[in-house]
file structure_28.cif (mmCIF, C-alpha atoms)
data_model
#
loop_
_atom_site.label_atom_id
_atom_site.label_comp_id
_atom_site.auth_asym_id
_atom_site.auth_seq_id
_atom_site.Cartn_x
_atom_site.Cartn_y
_atom_site.Cartn_z
CA MET A 1 0.00 0.00 0.00
CA ASP A 2 3.09 2.27 -0.02
CA PHE A 3 4.16 4.15 -3.14
CA ILE A 4 7.23 6.26 -3.83
CA LEU A 5 6.49 9.55 -5.54
CA THR A 6 9.12 11.95 -6.86
CA ALA A 7 8.71 15.70 -6.87
CA ILE A 8 8.44 16.90 -10.49
CA GLY A 9 9.67 20.31 -9.36
CA ARG A 10 9.31 22.94 -6.68
CA VAL A 11 7.51 26.19 -5.97
CA ARG A 12 9.84 29.16 -6.32
CA GLY A 13 8.95 32.56 -4.91
CA GLY A 14 5.64 33.53 -3.42
CA ARG A 15 5.11 33.43 0.30
CA THR A 16 7.53 31.92 2.82
CA GLU A 17 5.07 31.40 5.70
CA PRO A 18 1.98 29.14 5.56
CA THR A 19 -0.51 31.64 6.97
CA ASP A 20 -4.19 30.89 6.46
CA ASP A 21 -5.57 33.72 4.31
CA ASP A 22 -5.03 36.24 1.48
CA TRP A 23 -3.48 33.93 -1.11
CA GLY A 24 -5.32 35.31 -4.14
CA ALA A 25 -2.76 37.77 -5.49
CA SER A 26 0.26 35.59 -4.64
CA ARG A 27 2.40 34.83 -7.70
CA ALA A 28 4.93 32.04 -7.86
CA ILE A 29 6.81 29.87 -10.33
CA VAL A 30 6.52 26.10 -10.49
CA GLU A 31 9.97 25.12 -11.76
CA LEU A 32 10.21 21.62 -13.24
CA ASP A 33 13.24 19.51 -12.32
CA PRO A 34 15.68 19.78 -15.27
CA GLY A 35 16.99 16.30 -14.46
CA GLN A 36 13.60 14.79 -15.35
CA PHE A 37 12.03 17.14 -17.90
CA GLY A 38 12.88 18.94 -21.10
CA ASP A 39 11.27 22.01 -22.61
CA ASP A 40 8.23 20.13 -23.91
CA ALA A 41 6.53 18.91 -20.69
CA LEU A 42 4.50 22.14 -20.37
CA THR A 43 3.82 22.63 -24.12
CA GLY A 44 0.29 23.96 -24.65
CA LEU A 45 -0.39 24.75 -21.01
CA GLU A 46 -0.60 28.46 -21.85
CA THR A 47 -3.77 27.70 -23.87
CA PHE A 48 -5.58 26.97 -20.58
CA SER A 49 -6.62 29.74 -18.20
CA HIS A 50 -6.25 27.56 -15.09
CA VAL A 51 -4.23 24.61 -13.80
CA GLU A 52 -4.57 22.25 -10.89
CA ILE A 53 -1.40 21.85 -8.83
CA VAL A 54 -0.92 18.81 -6.61
CA TYR A 55 1.76 19.45 -4.03
CA LEU A 56 3.09 18.15 -0.74
CA PHE A 57 2.81 19.97 2.60
CA ASP A 58 6.35 18.83 3.41
CA GLN A 59 6.67 21.16 6.42
CA VAL A 60 3.90 19.32 8.29
CA ALA A 61 5.44 16.95 10.85
CA ALA A 62 4.21 13.36 10.82
CA SER A 63 3.21 13.80 14.47
CA ASP A 64 0.81 16.60 13.52
CA VAL A 65 -1.17 14.54 11.01
CA VAL A 66 -4.79 13.92 12.06
CA SER A 67 -6.52 10.68 11.07
CA GLY A 68 -9.90 11.27 12.72
CA ALA A 69 -12.11 14.34 13.25
CA ARG A 70 -11.24 17.85 14.43
CA HIS A 71 -12.67 21.35 14.38
CA PRO A 72 -11.51 23.13 11.18
CA ARG A 73 -8.84 25.69 12.15
CA GLY A 74 -9.54 24.76 15.78
CA ARG A 75 -12.77 26.79 15.63
CA THR A 76 -15.05 25.19 18.22
CA ASP A 77 -18.01 27.19 16.86
CA TRP A 78 -17.74 25.01 13.76
CA PRO A 79 -18.60 21.30 13.95
CA LYS A 80 -16.06 18.55 14.48
CA ILE A 81 -15.34 17.25 10.99
CA GLY A 82 -13.47 14.23 9.65
CA ILE A 83 -10.07 15.00 8.15
CA PHE A 84 -11.32 13.91 4.70
CA ALA A 85 -14.30 16.28 4.97
CA GLN A 86 -11.99 19.28 5.30
CA ARG A 87 -8.97 20.56 3.36
CA GLY A 88 -6.56 21.33 6.23
CA ARG A 89 -2.91 20.48 5.72
CA THR A 90 -2.44 18.14 8.70
CA ARG A 91 -3.91 15.27 6.68
CA PRO A 92 -2.75 11.76 5.80
CA ASN A 93 -0.26 11.90 2.88
CA ARG A 94 -0.11 15.71 3.32
CA LEU A 95 -1.36 16.38 -0.22
CA GLY A 96 -2.37 19.90 -1.22
CA LEU A 97 -4.47 20.63 -4.28
CA THR A 98 -5.31 24.04 -5.71
CA VAL A 99 -6.66 25.54 -8.91
CA CYS A 100 -4.54 28.53 -9.98
CA LYS A 101 -4.52 31.00 -12.83
CA VAL A 102 -1.90 30.42 -15.52
CA VAL A 103 0.21 33.55 -15.94
CA SER A 104 2.76 32.03 -18.35
CA ALA A 105 4.33 28.70 -19.28
CA THR A 106 7.81 28.98 -20.76
CA GLY A 107 10.31 26.15 -20.97
CA ARG A 108 10.29 24.43 -17.57
CA SER A 109 8.76 27.43 -15.75
CA LEU A 110 5.08 27.76 -15.04
CA GLU A 111 4.05 31.08 -13.47
CA VAL A 112 0.79 30.96 -11.55
CA GLU A 113 -1.41 33.29 -9.52
CA GLY A 114 -3.21 32.14 -6.38
CA LEU A 115 -1.16 29.09 -5.39
CA ASP A 116 -1.46 28.56 -1.63
CA ALA A 117 1.91 26.84 -1.26
CA ILE A 118 5.08 28.37 0.11
CA ASP A 119 8.50 28.82 -1.50
CA GLY A 120 10.29 25.47 -1.81
CA THR A 121 7.17 23.28 -1.71
CA PRO A 122 7.58 19.99 -3.66
CA VAL A 123 5.13 19.69 -6.56
CA LEU A 124 3.87 16.23 -7.56
CA ASP A 125 1.62 16.96 -10.55
CA ILE A 126 0.24 19.69 -12.79
CA LYS A 127 -3.03 19.18 -14.65
CA PRO A 128 -4.85 21.58 -16.97
CA PHE A 129 -8.27 22.63 -15.70
CA MET A 130 -10.85 21.40 -18.20
CA THR A 131 -14.48 22.48 -17.90
CA GLY A 132 -15.34 18.80 -18.50
CA PHE A 133 -13.72 18.02 -15.13
CA ALA A 134 -15.73 20.62 -13.21
CA PRO A 135 -18.40 19.25 -10.81
CA ARG A 136 -21.39 17.72 -12.61
CA GLY A 137 -24.70 18.86 -11.11
CA ALA A 138 -25.48 21.47 -8.46
CA VAL A 139 -22.83 22.06 -5.81
CA THR A 140 -23.84 22.29 -2.15
CA GLU A 141 -21.67 22.70 0.93
CA PRO A 142 -22.17 23.40 4.64
CA ASP A 143 -22.07 26.94 6.07
CA TRP A 144 -18.67 26.53 7.75
CA ALA A 145 -17.10 25.73 4.36
CA ARG A 146 -18.22 29.10 2.99
CA GLU A 147 -17.16 30.93 6.15
CA ILE A 148 -13.66 29.40 6.18
CA MET A 149 -13.03 30.66 2.63
CA ALA A 150 -14.23 34.25 3.25
CA ASP A 151 -10.73 35.81 3.34
CA TYR A 152 -8.72 33.02 1.75
CA TRP A 153 -8.01 34.53 -1.67
CA MET B 1 12.88 14.63 -3.73
CA ASP B 2 11.27 11.19 -3.11
CA PHE B 3 8.32 10.77 -0.76
CA ILE B 4 6.55 7.66 0.48
CA LEU B 5 2.77 7.87 0.34
CA THR B 6 0.42 5.26 1.75
CA ALA B 7 -2.94 4.42 0.22
CA ILE B 8 -5.70 5.57 2.60
CA GLY B 9 -7.99 2.98 1.04
CA ARG B 10 -9.10 1.49 -2.25
CA VAL B 11 -11.86 1.76 -4.82
CA ARG B 12 -14.33 -1.10 -4.53
CA GLY B 13 -16.77 -1.90 -7.29
CA GLY B 14 -17.38 0.12 -10.40
CA ARG B 15 -15.64 -0.70 -13.64
CA THR B 16 -12.82 -3.22 -14.01
CA GLU B 17 -11.37 -1.93 -17.30
CA PRO B 18 -9.87 1.56 -17.81
CA THR B 19 -11.73 2.43 -21.01
CA ASP B 20 -11.79 6.09 -22.03
CA ASP B 21 -15.46 7.15 -21.93
CA ASP B 22 -18.90 6.88 -20.27
CA TRP B 23 -17.86 7.19 -16.63
CA GLY B 24 -20.73 9.45 -15.52
CA ALA B 25 -23.15 6.89 -14.12
CA SER B 26 -20.46 4.63 -12.63
CA ARG B 27 -20.92 4.10 -8.90
CA ALA B 28 -18.19 2.84 -6.59
CA ILE B 29 -17.19 2.77 -2.94
CA VAL B 30 -14.00 4.30 -1.58
CA GLU B 31 -13.29 2.05 1.39
CA LEU B 32 -10.87 3.48 3.96
CA ASP B 33 -8.19 1.19 5.37
CA PRO B 34 -9.46 0.00 8.78
CA GLY B 35 -5.86 -0.30 9.98
CA GLN B 36 -5.41 3.46 9.68
CA PHE B 37 -8.85 4.99 10.19
CA GLY B 38 -11.79 4.82 12.52
CA ASP B 39 -15.39 5.79 11.90
CA ASP B 40 -14.75 9.53 12.22
CA ALA B 41 -12.42 10.24 9.27
CA LEU B 42 -15.36 10.89 6.93
CA THR B 43 -17.61 12.67 9.46
CA GLY B 44 -19.50 15.52 7.79
CA LEU B 45 -18.59 14.55 4.22
CA GLU B 46 -22.27 13.84 3.48
CA THR B 47 -22.96 17.59 3.93
CA PHE B 48 -21.03 18.24 0.69
CA SER B 49 -22.50 17.41 -2.72
CA HIS B 50 -19.10 16.66 -4.28
CA VAL B 51 -15.65 15.38 -3.33
CA GLU B 52 -12.28 15.39 -5.02
CA ILE B 53 -10.57 12.01 -5.07
CA VAL B 54 -6.80 11.76 -5.55
CA TYR B 55 -5.82 8.28 -6.64
CA LEU B 56 -2.98 6.35 -8.23
CA PHE B 57 -3.07 4.82 -11.72
CA ASP B 58 -1.23 1.79 -10.34
CA GLN B 59 -1.83 -0.33 -13.46
CA VAL B 60 0.27 2.03 -15.60
CA ALA B 61 3.73 0.53 -16.10
CA ALA B 62 6.71 2.78 -15.38
CA SER B 63 7.88 2.20 -18.95
CA ASP B 64 4.67 3.76 -20.30
CA VAL B 65 5.05 7.04 -18.42
CA VAL B 66 5.62 10.04 -20.73
CA SER B 67 7.76 12.95 -19.57
CA GLY B 68 7.56 15.13 -22.69
CA ALA B 69 4.84 15.89 -25.24
CA ARG B 70 2.40 13.58 -27.07
CA HIS B 71 -0.87 13.73 -28.94
CA PRO B 72 -3.76 13.28 -26.42
CA ARG B 73 -5.19 9.76 -26.91
CA GLY B 74 -2.79 9.38 -29.86
CA ARG B 75 -5.07 11.62 -31.97
CA THR B 76 -2.77 13.21 -34.54
CA ASP B 77 -5.55 15.66 -35.52
CA TRP B 78 -5.03 17.22 -32.09
CA PRO B 79 -1.82 19.09 -31.30
CA LYS B 80 1.19 17.57 -29.57
CA ILE B 81 0.80 18.61 -25.95
CA GLY B 82 3.06 18.43 -22.90
CA ILE B 83 2.15 15.73 -20.40
CA PHE B 84 1.34 18.41 -17.79
CA ALA B 85 -1.01 20.17 -20.23
CA GLN B 86 -3.17 17.05 -20.52
CA ARG B 87 -4.78 14.69 -18.01
CA GLY B 88 -3.82 11.30 -19.49
CA ARG B 89 -2.83 8.54 -17.08
CA THR B 90 0.67 7.82 -18.45
CA ARG B 91 2.04 10.75 -16.44
CA PRO B 92 4.87 11.19 -13.95
CA ASN B 93 3.74 10.01 -10.48
CA ARG B 94 0.62 8.49 -12.13
CA LEU B 95 -1.79 10.65 -10.07
CA GLY B 96 -5.46 10.76 -10.98
CA LEU B 97 -7.79 13.47 -9.74
CA THR B 98 -11.55 13.62 -10.20
CA VAL B 99 -14.53 15.46 -8.76
CA CYS B 100 -17.36 13.03 -7.98
CA LYS B 101 -20.84 13.23 -6.55
CA VAL B 102 -21.23 12.09 -2.95
CA VAL B 103 -23.89 9.38 -2.75
CA SER B 104 -23.32 8.50 0.92
CA ALA B 105 -20.64 8.52 3.61
CA THR B 106 -21.11 5.92 6.31
CA GLY B 107 -18.40 4.70 8.65
CA ARG B 108 -15.33 4.05 6.50
CA SER B 109 -17.30 3.79 3.25
CA LEU B 110 -17.76 6.65 0.83
CA GLU B 111 -20.06 5.93 -2.09
CA VAL B 112 -19.51 8.15 -5.12
CA GLU B 113 -20.91 8.59 -8.62
CA GLY B 114 -18.69 9.42 -11.59
CA LEU B 115 -15.30 8.25 -10.36
CA ASP B 116 -13.12 7.32 -13.35
CA ALA B 117 -11.00 4.79 -11.47
CA ILE B 118 -11.29 1.02 -11.67
CA ASP B 119 -11.98 -1.54 -8.95
CA GLY B 120 -8.95 -1.92 -6.66
CA THR B 121 -7.39 1.49 -7.40
CA PRO B 122 -5.35 2.88 -4.46
CA VAL B 123 -6.75 6.17 -3.12
CA LEU B 124 -4.35 8.74 -1.66
CA ASP B 125 -6.66 11.54 -0.54
CA ILE B 126 -10.28 12.68 -0.33
CA LYS B 127 -11.13 16.38 -0.14
CA PRO B 128 -14.55 18.03 0.02
CA PHE B 129 -15.33 20.23 -2.96
CA MET B 130 -15.75 23.79 -1.69
CA THR B 131 -17.02 26.52 -4.00
CA GLY B 132 -14.20 28.65 -2.60
CA PHE B 133 -11.74 26.28 -4.30
CA ALA B 134 -13.39 26.53 -7.73
CA PRO B 135 -11.44 28.45 -10.40
CA ARG B 136 -11.32 32.20 -9.78
CA GLY B 137 -12.07 34.20 -12.93
CA ALA B 138 -13.23 33.11 -16.38
CA VAL B 139 -12.16 29.64 -17.52
CA THR B 140 -10.81 29.15 -21.04
CA GLU B 141 -9.45 26.00 -22.68
CA PRO B 142 -8.42 24.89 -26.18
CA ASP B 143 -10.87 23.17 -28.55
CA TRP B 144 -9.28 19.70 -28.18
CA ALA B 145 -9.93 19.81 -24.43
CA ARG B 146 -13.67 20.19 -25.04
CA GLU B 147 -13.68 17.55 -27.78
CA ILE B 148 -11.86 14.96 -25.63
CA MET B 149 -14.52 15.27 -22.92
CA ALA B 150 -17.54 14.95 -25.25
CA ASP B 151 -18.41 11.34 -24.27
CA TYR B 152 -16.42 11.05 -21.05
CA TRP B 153 -19.25 11.16 -18.49
#
call {"tool": "encode", "arguments": {"input": "structure_28.cif", "output": "structure tokens"}}
result
Amino acid sequence: MDFILTAIGRVRGGRTEPTDDDWGASRAIVELDPGQFGDDALTGLETFSHVEIVYLFDQVAASDVVSGARHPRGRTDWPKIGIFAQRGRTRPNRLGLTVCKVVSATGRSLEVEGLDAIDGTPVLDIKPFMTGFAPRGAVTEPDWAREIMADYW
Amino acid sequence: MDFILTAIGRVRGGRTEPTDDDWGASRAIVELDPGQFGDDALTGLETFSHVEIVYLFDQVAASDVVSGARHPRGRTDWPKIGIFAQRGRTRPNRLGLTVCKVVSATGRSLEVEGLDAIDGTPVLDIKPFMTGFAPRGAVTEPDWAREIMADYW
């Protein structure tokens, strides 16, 4: 059940501290590892407005990972929620996942806006955002999920 | 740059062959590993209409992984596109990522509709779909990206 994954590159620039809010205007580069990739791995990505970035919260200590339920952000006025029903970083496998705006894609450098990952973060995958992969059907969510995002971007 | 990830569970049921289209009505269970998780890891997930599932295309051989550009689905009438500008499964780290409908979340079992992963697939993460994590700003994509999704769901 264990799998070895290799970072395809790292986040360069952007924020250095993993604070909770105000990520919207943050710009950063995802720099592909030149040992693994040539100039053609990002070809065509600039024809998409958005990408999904899968990354690793590598600064989260194993001892901080939660496998059960907790209050999101420790807010006891919100319900206790299972770790897979929230997006907090202290999660099993420590995977982060965010849709960002494509600013440019040149050679091995992808510039994005609104990536909530700090400088140096290992990146595991980049996928173009296709409208065909948006949610099918009406989207509903609980109140706390809207409240937690109020100042995020 | 290498990281060990552990499957949090597996896909049970649904399709057994990774054909390209008609995934929309497919129902399957994501069953959490009882050795790692109790009954509270999914608590509250039923209050969301959709989840994002991060999984591993473990049937893709390492020798089939593409690190450069290729025609999506081998269609030479579509442009040659970098592996990170398409969502095909022969990709570095072999990560799959799909938004599905939540049918039910009970104990360690999450039933979903529209998961494009076959029976037995290792699952690495489950995240609730929050509208705050939808793309910010207008979404644009190239023509081939709309064409490739025409019969997918």
call {"tool": "resolve_selection", "arguments": {"input": "structure_28.cif", "expression": "the PyMOL selection byres ((chain B and resi 40) around 10)", "output": "mmCIF file with C-alpha atoms, keeping the file's coordinate frame"}}
result
data_model
loop_
_atom_site.group_PDB
_atom_site.id
_atom_site.type_symbol
_atom_site.label_atom_id
_atom_site.label_comp_id
_atom_site.auth_asym_id
_atom_site.auth_seq_id
_atom_site.Cartn_x
_atom_site.Cartn_y
_atom_site.Cartn_z
ATOM 1 C CA SER A 67 -6.520 10.680 11.070
ATOM 2 C CA GLY A 68 -9.900 11.270 12.720
ATOM 3 C CA ALA A 69 -12.110 14.340 13.250
ATOM 4 C CA ARG A 70 -11.240 17.850 14.430
ATOM 5 C CA LYS A 80 -16.060 18.550 14.480
ATOM 6 C CA ILE A 81 -15.340 17.250 10.990
ATOM 7 C CA GLY A 82 -13.470 14.230 9.650
ATOM 8 C CA ILE A 83 -10.070 15.000 8.150
ATOM 9 C CA PHE A 84 -11.320 13.910 4.700
ATOM 10 C CA ALA A 85 -14.300 16.280 4.970
ATOM 11 C CA PHE B 37 -8.850 4.990 10.190
ATOM 12 C CA GLY B 38 -11.790 4.820 12.520
ATOM 13 C CA ASP B 39 -15.390 5.790 11.900
ATOM 14 C CA ALA B 41 -12.420 10.240 9.270
ATOM 15 C CA LEU B 42 -15.360 10.890 6.930
ATOM 16 C CA THR B 43 -17.610 12.670 9.460
ATOM 17 C CA GLY B 44 -19.500 15.520 7.790
ATOM 18 C CA THR B 106 -21.110 5.920 6.310
ATOM 19 C CA GLY B 107 -18.400 4.700 8.650
ATOM 20 C CA ARG B 108 -15.330 4.050 6.500
#
call {"tool": "closest_residue", "arguments": {"input": "structure_28.cif", "among": "B:Tyr152, B:Asp143, B:Arg136, B:Val112", "to": "Glu46 in chain B", "atoms": "only C-alpha atoms"}}
result
B:Val112
call {"tool": "calpha_fit_and_write", "arguments": {"input": "structure_28.cif", "fixed": "chain B", "moving": "chain A", "output": "short mmCIF file (atom, residue, chain, number, x, y, z; two decimals) with C-alpha atoms, in the coordinates of the input"}}
result
data_model
loop_
_atom_site.label_atom_id
_atom_site.label_comp_id
_atom_site.auth_asym_id
_atom_site.auth_seq_id
_atom_site.Cartn_x
_atom_site.Cartn_y
_atom_site.Cartn_z
CA MET A 1 12.87 14.63 -3.76
CA ASP A 2 11.27 11.20 -3.13
CA PHE A 3 8.32 10.77 -0.78
CA ILE A 4 6.56 7.65 0.45
CA LEU A 5 2.79 7.86 0.31
CA THR A 6 0.42 5.25 1.74
CA ALA A 7 -2.93 4.41 0.22
CA ILE A 8 -5.69 5.56 2.60
CA GLY A 9 -7.99 2.99 1.03
CA ARG A 10 -9.11 1.50 -2.26
CA VAL A 11 -11.87 1.78 -4.83
CA ARG A 12 -14.33 -1.09 -4.53
CA GLY A 13 -16.77 -1.91 -7.30
CA GLY A 14 -17.37 0.15 -10.39
CA ARG A 15 -15.63 -0.69 -13.62
CA THR A 16 -12.82 -3.23 -14.00
CA GLU A 17 -11.36 -1.94 -17.29
CA PRO A 18 -9.85 1.55 -17.79
CA THR A 19 -11.72 2.42 -20.98
CA ASP A 20 -11.78 6.07 -22.00
CA ASP A 21 -15.44 7.14 -21.91
CA ASP A 22 -18.89 6.88 -20.27
CA TRP A 23 -17.85 7.19 -16.63
CA GLY A 24 -20.71 9.44 -15.51
CA ALA A 25 -23.15 6.89 -14.12
CA SER A 26 -20.45 4.64 -12.63
CA ARG A 27 -20.92 4.10 -8.88
CA ALA A 28 -18.21 2.84 -6.58
CA ILE A 29 -17.20 2.77 -2.93
CA VAL A 30 -14.01 4.29 -1.59
CA GLU A 31 -13.28 2.04 1.39
CA LEU A 32 -10.87 3.48 3.95
CA ASP A 33 -8.19 1.17 5.37
CA PRO A 34 -9.47 0.00 8.79
CA GLY A 35 -5.87 -0.32 9.99
CA GLN A 36 -5.41 3.46 9.68
CA PHE A 37 -8.85 4.99 10.18
CA GLY A 38 -11.80 4.82 12.52
CA ASP A 39 -15.40 5.78 11.90
CA ASP A 40 -14.76 9.52 12.22
CA ALA A 41 -12.42 10.25 9.26
CA LEU A 42 -15.37 10.88 6.91
CA THR A 43 -17.63 12.66 9.46
CA GLY A 44 -19.50 15.52 7.78
CA LEU A 45 -18.60 14.55 4.23
CA GLU A 46 -22.27 13.85 3.49
CA THR A 47 -22.96 17.60 3.93
CA PHE A 48 -21.04 18.24 0.69
CA SER A 49 -22.50 17.41 -2.72
CA HIS A 50 -19.10 16.67 -4.29
CA VAL A 51 -15.65 15.38 -3.34
CA GLU A 52 -12.28 15.40 -5.01
CA ILE A 53 -10.56 12.01 -5.08
CA VAL A 54 -6.80 11.77 -5.56
CA TYR A 55 -5.82 8.29 -6.65
CA LEU A 56 -2.98 6.36 -8.23
CA PHE A 57 -3.07 4.82 -11.72
CA ASP A 58 -1.23 1.80 -10.33
CA GLN A 59 -1.84 -0.31 -13.46
CA VAL A 60 0.28 2.04 -15.60
CA ALA A 61 3.74 0.53 -16.12
CA ALA A 62 6.71 2.77 -15.37
CA SER A 63 7.88 2.20 -18.95
CA ASP A 64 4.67 3.75 -20.30
CA VAL A 65 5.06 7.04 -18.44
CA VAL A 66 5.61 10.04 -20.74
CA SER A 67 7.76 12.95 -19.58
CA GLY A 68 7.56 15.13 -22.69
CA ALA A 69 4.82 15.89 -25.25
CA ARG A 70 2.41 13.58 -27.06
CA HIS A 71 -0.87 13.73 -28.93
CA PRO A 72 -3.76 13.29 -26.44
CA ARG A 73 -5.20 9.78 -26.91
CA GLY A 74 -2.80 9.39 -29.84
CA ARG A 75 -5.08 11.62 -31.94
CA THR A 76 -2.78 13.21 -34.52
CA ASP A 77 -5.55 15.65 -35.51
CA TRP A 78 -5.04 17.22 -32.09
CA PRO A 79 -1.81 19.10 -31.31
CA LYS A 80 1.18 17.57 -29.58
CA ILE A 81 0.80 18.60 -25.95
CA GLY A 82 3.08 18.41 -22.92
CA ILE A 83 2.16 15.72 -20.40
CA PHE A 84 1.35 18.40 -17.79
CA ALA A 85 -1.00 20.16 -20.24
CA GLN A 86 -3.17 17.05 -20.51
CA ARG A 87 -4.79 14.69 -18.00
CA GLY A 88 -3.82 11.30 -19.49
CA ARG A 89 -2.83 8.56 -17.08
CA THR A 90 0.66 7.83 -18.44
CA ARG A 91 2.05 10.76 -16.46
CA PRO A 92 4.88 11.19 -13.95
CA ASN A 93 3.73 10.00 -10.48
CA ARG A 94 0.61 8.49 -12.13
CA LEU A 95 -1.78 10.64 -10.08
CA GLY A 96 -5.46 10.76 -11.00
CA LEU A 97 -7.79 13.46 -9.75
CA THR A 98 -11.55 13.61 -10.20
CA VAL A 99 -14.53 15.46 -8.77
CA CYS A 100 -17.36 13.03 -7.99
CA LYS A 101 -20.84 13.24 -6.55
CA VAL A 102 -21.23 12.09 -2.95
CA VAL A 103 -23.89 9.39 -2.76
CA SER A 104 -23.34 8.50 0.92
CA ALA A 105 -20.64 8.53 3.60
CA THR A 106 -21.11 5.92 6.31
CA GLY A 107 -18.40 4.71 8.65
CA ARG A 108 -15.32 4.06 6.50
CA SER A 109 -17.31 3.79 3.24
CA LEU A 110 -17.76 6.65 0.84
CA GLU A 111 -20.08 5.93 -2.10
CA VAL A 112 -19.52 8.14 -5.12
CA GLU A 113 -20.91 8.59 -8.62
CA GLY A 114 -18.69 9.41 -11.59
CA LEU A 115 -15.28 8.24 -10.35
CA ASP A 116 -13.12 7.33 -13.35
CA ALA A 117 -11.00 4.79 -11.47
CA ILE A 118 -11.29 1.03 -11.66
CA ASP A 119 -11.97 -1.54 -8.94
CA GLY A 120 -8.94 -1.92 -6.66
CA THR A 121 -7.39 1.48 -7.40
CA PRO A 122 -5.35 2.88 -4.45
CA VAL A 123 -6.75 6.16 -3.12
CA LEU A 124 -4.35 8.73 -1.65
CA ASP A 125 -6.67 11.54 -0.53
CA ILE A 126 -10.28 12.68 -0.33
CA LYS A 127 -11.13 16.38 -0.15
CA PRO A 128 -14.54 18.03 0.03
CA PHE A 129 -15.33 20.24 -2.96
CA MET A 130 -15.75 23.79 -1.69
CA THR A 131 -17.03 26.52 -4.00
CA GLY A 132 -14.20 28.67 -2.59
CA PHE A 133 -11.74 26.29 -4.29
CA ALA A 134 -13.40 26.53 -7.71
CA PRO A 135 -11.44 28.45 -10.40
CA ARG A 136 -11.32 32.21 -9.78
CA GLY A 137 -12.07 34.21 -12.93
CA ALA A 138 -13.23 33.11 -16.38
CA VAL A 139 -12.17 29.64 -17.51
CA THR A 140 -10.82 29.14 -21.03
CA GLU A 141 -9.46 26.01 -22.67
CA PRO A 142 -8.43 24.89 -26.16
CA ASP A 143 -10.86 23.16 -28.54
CA TRP A 144 -9.27 19.70 -28.19
CA ALA A 145 -9.93 19.80 -24.42
CA ARG A 146 -13.67 20.19 -25.04
CA GLU A 147 -13.67 17.54 -27.77
CA ILE A 148 -11.85 14.95 -25.62
CA MET A 149 -14.52 15.27 -22.91
CA ALA A 150 -17.54 14.95 -25.25
CA ASP A 151 -18.40 11.34 -24.26
CA TYR A 152 -16.42 11.05 -21.04
CA TRP A 153 -19.24 11.17 -18.48
#
call {"tool": "atom_distance", "arguments": {"input": "structure_28.cif", "atom1": "CA of Arg89 in chain B", "atom2": "CA of Lys101 in chain A"}}
result
22.9 Å
call {"tool": "closest_residue", "arguments": {"input": "structure_28.cif", "among": "B:Asp119, B:Asp20, B:Asp33, B:Asp125", "to": "Val54 in chain B", "atoms": "all atoms listed in the file"}}
result
B:Asp125
call {"tool": "closest_residue", "arguments": {"input": "structure_28.cif", "among": "A:Leu115, A:Val30, A:Leu110, A:Leu124", "to": "Asp58 in chain A", "atoms": "all atoms listed in the file"}}
result
A:Leu124
call {"tool": "resolve_selection", "arguments": {"input": "structure_28.cif", "expression": "the PyMOL selection byres ((chain A and resi 15) around 9)", "output": "MDAnalysis selection string"}}
result
chainID A and resid 13:14 16:19 23 26:28 116:119
